[in-house]
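S.K.: Here you go, run35.cif (mmCIF, C-alpha atoms):
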```cif
data_data
loop_
_atom_site.label_atom_id
_atom_site.label_comp_id
_atom_site.auth_asym_id
_atom_site.auth_seq_id
_atom_site.Cartn_x
_atom_site.Cartn_y
_atom_site.Cartn_z
CA MET A 34 25.75 -4.13 7.71
CA LYS A 35 29.26 -3.75 6.36
CA VAL A 36 30.34 -4.84 2.89
CA SER A 37 32.60 -7.50 4.43
CA ASP A 38 29.53 -9.02 6.14
CA LEU A 39 28.42 -10.26 2.71
CA ASN A 40 31.14 -12.91 3.08
CA LYS A 41 28.91 -14.64 5.65
CA PHE A 42 26.35 -15.53 3.00
CA ASP A 43 26.91 -18.72 0.99
CA GLU A 44 25.03 -17.05 -1.87
CA PHE A 45 27.68 -14.36 -2.42
CA SER A 46 31.28 -14.97 -3.50
CA LEU A 47 33.86 -12.24 -3.31
CA LEU A 48 35.68 -11.53 -6.60
CA SER A 49 37.91 -8.63 -5.57
CA ASP A 50 38.81 -7.34 -2.08
CA ASP A 51 36.16 -6.64 0.52
CA LYS A 52 36.04 -3.58 2.76
CA ASP A 53 34.50 -2.28 5.95
CA THR A 54 32.28 0.36 4.31
CA GLU A 55 28.74 0.41 5.66
CA ILE A 56 26.01 -0.60 3.18
CA THR A 57 23.31 2.05 3.46
CA GLY A 58 20.81 0.72 0.92
CA VAL A 59 20.32 -1.48 -2.14
CA PHE A 60 20.07 -0.31 -5.74
CA CYS A 61 19.11 -2.44 -8.76
CA CYS A 62 19.67 -1.33 -12.35
CA ASP A 63 21.29 -2.70 -15.50
CA LEU A 64 21.24 0.41 -17.62
CA LEU A 65 24.50 2.13 -16.78
CA SER A 66 23.18 5.49 -17.97
CA ILE A 67 20.46 5.32 -15.34
CA ALA A 68 22.67 3.82 -12.64
CA MET A 69 25.10 6.66 -13.25
CA GLY A 70 22.50 9.27 -12.39
CA LYS A 71 20.60 7.41 -9.70
CA ALA A 72 22.77 4.93 -7.75
CA PRO A 73 22.94 6.30 -4.18
CA SER A 74 26.45 6.46 -2.74
CA GLY A 75 26.91 3.80 -0.10
CA SER A 76 24.41 1.41 -1.68
CA ALA A 77 24.98 -2.19 -2.72
CA TRP A 78 24.45 -2.10 -6.49
CA VAL A 79 22.95 -5.29 -7.92
CA THR A 80 23.28 -5.73 -11.68
CA VAL A 81 23.84 -8.29 -14.44
CA MET A 82 25.88 -5.80 -16.45
CA ALA A 83 29.46 -7.03 -16.10
CA ASN A 84 31.85 -4.93 -18.15
CA VAL A 85 34.56 -2.35 -17.54
CA ASN A 86 32.03 0.47 -17.54
CA THR A 87 30.26 -1.13 -14.56
CA LEU A 88 33.44 -0.46 -12.59
CA ALA A 89 33.64 3.12 -13.83
CA VAL A 90 30.04 3.82 -12.81
CA ALA A 91 30.60 2.19 -9.39
CA SER A 92 33.68 4.28 -8.80
CA LEU A 93 32.07 7.55 -9.87
CA THR A 94 28.88 7.04 -7.87
CA ASP A 95 30.70 5.78 -4.73
CA VAL A 96 28.47 2.75 -4.26
CA ALA A 97 29.59 0.51 -1.39
CA CYS A 98 29.93 -2.58 -3.60
CA ILE A 99 28.83 -4.26 -6.82
CA ILE A 100 26.86 -7.52 -6.71
CA LEU A 101 26.83 -9.31 -10.07
CA ALA A 102 23.63 -11.38 -10.20
CA GLU A 103 22.32 -14.28 -12.31
CA GLY A 104 25.76 -15.88 -12.51
CA THR A 105 27.35 -13.00 -14.43
CA THR A 106 30.98 -12.37 -13.58
CA PHE A 107 34.15 -10.40 -14.34
CA ASP A 108 37.19 -11.81 -16.13
CA SER A 109 40.58 -11.65 -14.42
CA THR A 110 41.49 -8.31 -16.05
CA LEU A 111 38.37 -6.68 -14.60
CA ILE A 112 38.93 -8.30 -11.21
CA ASP A 113 42.44 -6.86 -11.13
CA LYS A 114 41.07 -3.46 -12.10
CA ALA A 115 38.46 -3.64 -9.34
CA LYS A 116 41.19 -4.44 -6.80
CA GLU A 117 43.32 -1.60 -8.11
CA GLU A 118 40.43 0.85 -7.73
CA GLY A 119 39.38 -0.53 -4.34
CA ILE A 120 35.91 -1.61 -5.49
CA ALA A 121 34.38 -4.59 -3.68
CA VAL A 122 32.72 -6.95 -6.19
CA TYR A 123 30.64 -10.02 -5.34
CA LYS A 124 28.91 -12.49 -7.61
CA THR A 125 25.85 -14.63 -7.06
CA ASP A 126 23.69 -17.09 -8.98
CA LEU A 127 20.58 -15.49 -7.48
CA PRO A 128 18.30 -13.36 -9.65
CA ILE A 129 18.61 -9.60 -9.11
CA PHE A 130 15.47 -9.32 -6.96
CA ASP A 131 16.42 -12.18 -4.63
CA ALA A 132 19.98 -10.94 -4.23
CA ALA A 133 18.74 -7.43 -3.43
CA LEU A 134 16.13 -8.74 -0.98
CA LEU A 135 18.70 -10.83 0.86
CA VAL A 136 20.91 -7.77 1.37
CA LYS A 137 17.98 -5.48 2.20
CA ASN A 138 16.63 -7.87 4.85
CA SER A 139 20.02 -7.91 6.53
CA LEU A 140 20.46 -4.14 6.79
CA MET B 43 37.28 34.63 -9.44
CA ALA B 44 40.71 33.15 -9.14
CA GLU B 45 41.52 30.10 -11.18
CA LEU B 46 43.11 27.41 -9.04
CA MET B 47 43.76 24.64 -11.52
CA GLU B 48 43.31 23.67 -15.15
CA LEU B 49 43.22 20.06 -16.32
CA ASN B 50 43.24 18.82 -19.91
CA TYR B 51 42.32 15.40 -21.27
CA THR B 52 41.99 13.73 -24.66
CA VAL B 53 39.19 11.21 -25.16
CA SER B 54 40.01 8.59 -27.78
CA ASN B 55 37.65 7.29 -30.38
CA GLU B 56 35.55 4.16 -29.73
CA ASP B 57 37.60 3.14 -26.70
CA PHE B 58 35.01 2.15 -24.11
CA THR B 59 37.62 0.52 -21.91
CA ARG B 60 39.13 3.92 -21.19
CA ALA B 61 35.84 5.75 -20.76
CA GLY B 62 35.79 7.38 -17.37
CA GLU B 63 39.51 8.01 -17.09
CA ALA B 64 39.12 11.77 -17.18
CA SER B 65 36.18 11.71 -14.75
CA SER B 66 38.07 9.46 -12.29
CA ASP B 67 41.11 11.67 -12.40
CA VAL B 68 39.10 14.87 -11.91
CA LYS B 69 37.22 13.20 -9.06
CA LYS B 70 40.49 12.32 -7.30
CA LYS B 71 41.86 15.84 -7.69
CA LEU B 72 38.65 17.45 -6.39
CA LYS B 73 38.76 15.14 -3.36
CA GLN B 74 42.31 16.26 -2.65
CA LEU B 75 41.17 19.89 -2.90
CA GLY B 76 38.46 19.21 -0.31
CA VAL B 77 35.50 19.95 -2.60
CA SER B 78 32.15 18.75 -1.14
CA PRO B 79 31.12 15.16 -2.02
CA ASP B 80 27.89 16.48 -3.52
CA ALA B 81 29.69 18.72 -6.01
CA ILE B 82 32.22 15.99 -6.79
CA ARG B 83 29.45 13.54 -7.63
CA LYS B 84 27.80 16.07 -9.94
CA VAL B 85 31.07 16.77 -11.75
CA ALA B 86 31.89 13.05 -12.03
CA ILE B 87 28.47 12.17 -13.50
CA ALA B 88 28.31 15.11 -15.88
CA LEU B 89 31.84 14.49 -17.12
CA TYR B 90 31.49 10.73 -17.49
CA GLU B 91 28.30 11.12 -19.51
CA GLY B 92 30.12 13.64 -21.68
CA GLU B 93 33.04 11.28 -22.17
CA ILE B 94 30.71 8.45 -23.17
CA ASN B 95 28.90 10.76 -25.61
CA MET B 96 32.17 11.74 -27.26
CA ILE B 97 33.15 8.09 -27.65
CA ILE B 98 29.76 6.98 -29.01
CA HIS B 99 28.98 9.86 -31.29
CA ALA B 100 31.98 12.04 -31.98
CA TYR B 101 35.17 10.02 -32.57
CA GLY B 102 36.61 11.29 -29.28
CA GLY B 103 37.48 14.85 -28.34
CA LYS B 104 39.09 17.17 -25.83
CA ILE B 105 38.12 18.01 -22.27
CA LYS B 106 39.18 21.08 -20.35
CA VAL B 107 38.38 21.35 -16.65
CA THR B 108 38.86 24.64 -14.87
CA ILE B 109 38.64 24.75 -11.11
CA SER B 110 38.15 28.11 -9.43
CA GLU B 111 37.19 29.10 -5.91
CA ASP B 112 33.45 28.94 -6.46
CA ALA B 113 32.86 26.80 -9.55
CA ILE B 114 34.11 24.01 -11.75
CA THR B 115 33.82 24.54 -15.48
CA LEU B 116 33.85 21.57 -17.86
CA ILE B 117 34.37 22.20 -21.56
CA LEU B 118 33.99 19.19 -23.85
CA ALA B 119 34.85 19.87 -27.47
CA ASP B 120 34.67 17.42 -30.35
CA LYS B 121 34.92 17.45 -34.12
CA GLY B 122 32.07 14.98 -34.50
CA PRO B 123 28.98 15.10 -36.71
CA GLY B 124 27.14 17.68 -34.58
CA ILE B 125 23.68 17.32 -33.06
CA ALA B 126 20.85 17.62 -35.61
CA ASP B 127 18.07 18.34 -33.14
CA ILE B 128 19.19 19.55 -29.71
CA GLU B 129 15.65 19.72 -28.37
CA LYS B 130 15.11 16.03 -29.13
CA ALA B 131 18.56 15.10 -27.85
CA MET B 132 17.74 16.76 -24.54
CA GLN B 133 14.62 14.60 -24.07
CA ALA B 134 15.12 11.71 -21.63
CA GLY B 135 14.85 8.45 -23.55
CA TYR B 136 15.70 9.83 -27.00
CA SER B 137 18.82 8.16 -28.37
CA THR B 138 20.62 7.68 -31.66
CA ALA B 139 23.20 5.30 -30.17
CA PRO B 140 23.90 2.09 -32.11
CA ASP B 141 22.98 -1.39 -30.75
CA LYS B 142 26.61 -2.17 -29.90
CA VAL B 143 26.53 0.69 -27.39
CA ARG B 144 23.19 -0.41 -25.96
CA SER B 145 24.56 -3.88 -25.27
CA LEU B 146 27.16 -2.22 -23.01
CA GLY B 147 24.43 -0.63 -20.92
CA PHE B 148 24.39 2.80 -22.51
CA GLY B 149 22.26 4.41 -25.17
CA ALA B 150 19.20 4.87 -22.97
CA GLY B 151 18.91 8.50 -23.97
CA MET B 152 19.89 9.74 -20.52
CA GLY B 153 23.27 11.29 -21.31
CA LEU B 154 22.44 14.92 -22.04
CA PRO B 155 19.53 15.00 -19.53
CA ASN B 156 21.89 13.65 -16.84
CA MET B 157 24.48 16.27 -17.76
CA LYS B 158 21.93 19.05 -17.51
CA LYS B 159 20.53 17.73 -14.24
CA ASN B 160 23.96 17.64 -12.65
CA SER B 161 25.19 21.03 -13.75
CA ASP B 162 24.14 24.51 -12.66
CA GLN B 163 24.61 25.88 -16.17
CA MET B 164 24.90 24.05 -19.47
CA ASP B 165 25.44 25.42 -22.92
CA ILE B 166 25.68 23.45 -26.19
CA LYS B 167 27.17 24.88 -29.35
CA THR B 168 26.86 22.53 -32.27
CA GLU B 169 27.20 22.65 -36.04
CA LEU B 170 26.44 19.74 -38.35
CA GLY B 171 29.59 18.27 -39.84
CA VAL B 172 31.80 20.54 -37.76
CA GLY B 173 31.46 19.49 -34.13
CA THR B 174 29.97 20.16 -30.74
CA THR B 175 31.17 22.01 -27.67
CA VAL B 176 29.37 21.48 -24.40
CA THR B 177 30.15 23.81 -21.51
CA MET B 178 28.95 22.93 -18.02
CA VAL B 179 29.39 24.89 -14.81
CA ILE B 180 28.99 23.30 -11.41
CA ASN B 181 28.98 25.68 -8.45
CA ILE B 182 30.94 24.66 -5.39
#
```
Since I need it in another form, could you write the structure as structure tokens?

M.R.:
Amino acid sequence: MKVSDLNKFDEFSLLSDDKDTEITGVFCCDLLSIAMGKAPSGSAWVTVMANVNTLAVASLTDVACIILAEGTTFDSTLIDKAKEEGIAVYKTDLPIFDAALLVKNSL
Amino acid sequence: MAELMELNYTVSNEDFTRAGEASSDVKKKLKQLGVSPDAIRKVAIALYEGEINMIIHAYGGKIKVTISEDAITLILADKGPGIADIEKAMQAGYSTAPDKVRSLGFGAGMGLPNMKKNSDQMDIKTELGVGTTVTMVINI
């Protein structure tokens, strides 16, 4: 499944720009220090941690996209930064597990 | 071993919004040079953790990145408080980071262990009240 295929789900709303990168797995973690070391490149990273460092970690680990769960979101400054850096960011009201499962079951 | 490029950065104190600027820039340059994605990821992680450490603990500092044909050397030097117990600091899960930092998703005590894991050689020189210099070498 490609990142842009997430647009088909009512549960996910796109905050930045989507892309055609293939999602190769799903990764869940809120501690950025752990995500930094462990997030596989190409994965959809599901987290509730929504700050500027989330973007930095996503960019450095080359995850396919960020999915902000539990209704967390980015402000307009962070959305602009995500667009600038070419990072696809989605948000959802689903809990982390359910969001991750939805993506995983569609891979 | 011929030196191909040297990059220098300054990390400012307590500025979490700019954390990762040096690592992003180095990552871009290594991509342009055609370095393998594996090595780039290691450098990016090791350097970002170092940047975060300098912001949390050491009032900022200086980073020097040297790229040669077979290795990338990262030297992170600060004039911070120094590390009282390196052995403890190297243990995964041990952290002296304040709550403010934890609320941002850091402070899990993974910084130095992640740096070590992602580098082929790591050396820490530290003196209390004087500062710390971490040197990491990643083979390419």

S.K.: For the point (22.5, -1.1, 9.8) in file coordinates, what residues are within 10 Å, counting all atoms listed in the file? Give the answer as a ChimeraX atom specification?

M.R.: /A:34-35,55-58,137,139-140

S.K.: Please expand the PyMOL selection byres ((chain B) within 8 of (chain A)) into the concrete residues it hits in this file, giving the result as a list in words.

M.R.: Phe58, Thr59, Ala61, Gly62, Ser65, Ser66, Lys69, Arg83, Ala86, Ile87, Glu91, Leu146, Gly147, Phe148, Gly149, Ala150, Gly151, Met152, Gly153 and Asn156 of chain B

S.K.: Can you spell out as a tab-separated table (two decimals) with C-alpha atoms, in the coordinates of the input the set of residues that the PyMOL selection byres ((chain A and resi 114) around 12) selects in the structure I just provided?

M.R.:
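File produced: selection22.tsv:
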```tsv
chain	number	residue	atom	x	y	z
A	48	LEU	CA	35.68	-11.53	-6.60
A	49	SER	CA	37.91	-8.63	-5.57
A	50	ASP	CA	38.81	-7.34	-2.08
A	84	ASN	CA	31.85	-4.93	-18.15
A	85	VAL	CA	34.56	-2.35	-17.54
A	86	ASN	CA	32.03	0.47	-17.54
A	87	THR	CA	30.26	-1.13	-14.56
A	88	LEU	CA	33.44	-0.46	-12.59
A	89	ALA	CA	33.64	3.12	-13.83
A	92	SER	CA	33.68	4.28	-8.80
A	107	PHE	CA	34.15	-10.40	-14.34
A	108	ASP	CA	37.19	-11.81	-16.13
A	109	SER	CA	40.58	-11.65	-14.42
A	110	THR	CA	41.49	-8.31	-16.05
A	111	LEU	CA	38.37	-6.68	-14.60
A	112	ILE	CA	38.93	-8.30	-11.21
A	113	ASP	CA	42.44	-6.86	-11.13
A	115	ALA	CA	38.46	-3.64	-9.34
A	116	LYS	CA	41.19	-4.44	-6.80
A	117	GLU	CA	43.32	-1.60	-8.11
A	118	GLU	CA	40.43	0.85	-7.73
A	119	GLY	CA	39.38	-0.53	-4.34
A	120	ILE	CA	35.91	-1.61	-5.49
A	121	ALA	CA	34.38	-4.59	-3.68
A	122	VAL	CA	32.72	-6.95	-6.19
B	59	THR	CA	37.62	0.52	-21.91
B	60	ARG	CA	39.13	3.92	-21.19
```

S.K.: Which of these residues is nearest to Leu47 of chain A, using all atoms listed in the file: A:Leu135, A:Val81, A:Ile129, A:Cys98?

M.R.: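 Closest to Leu47 of chain A of all the choices is A:Cys98.
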
S.K.: Looking at A:Tyr123, A:Val96, A:Thr106, A:Thr80, which one is nearest to Asn40 of chain A, with distances taken over all atoms listed in the file?

M.R.: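 Using all atoms listed in the file, the shortest distance to Asn40 of chain A belongs to A:Tyr123.
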
S.K.: Using all atoms listed in the file, which residues sit within 8 Å of Thr54 of chain A once same-chain residues fewer than 4 positions away are excluded, as a list in words?

M.R.: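 Near neighbours after the sequence-gap exclusion: Lys35, Val36, Ser37, Gly75 and Ala97 of chain A.
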
S.K.: Could you jot down the atom CA of Pro128 of chain A to atom CA of Ser145 of chain B separation for me, Å, one decimal place?

M.R.: 19.3 Å

S.K.: Could you jot down the atom CA of Lys158 of chain B to atom CA of Met96 of chain B separation for me, Å, one decimal place?

M.R.: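 Rounded to one decimal, the two atoms are 15.9 Å apart.
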
S.K.: Might you pull out every residue within 9 Å of Lys159 of chain B, with all atoms listed in the file counted and same-chain residues fewer than 4 positions away left off, and present them as a list in words?

M.R.: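 My reading of the contact set: Gly70 of chain A; Lys84, Ala88, Leu154 and Pro155 of chain B.
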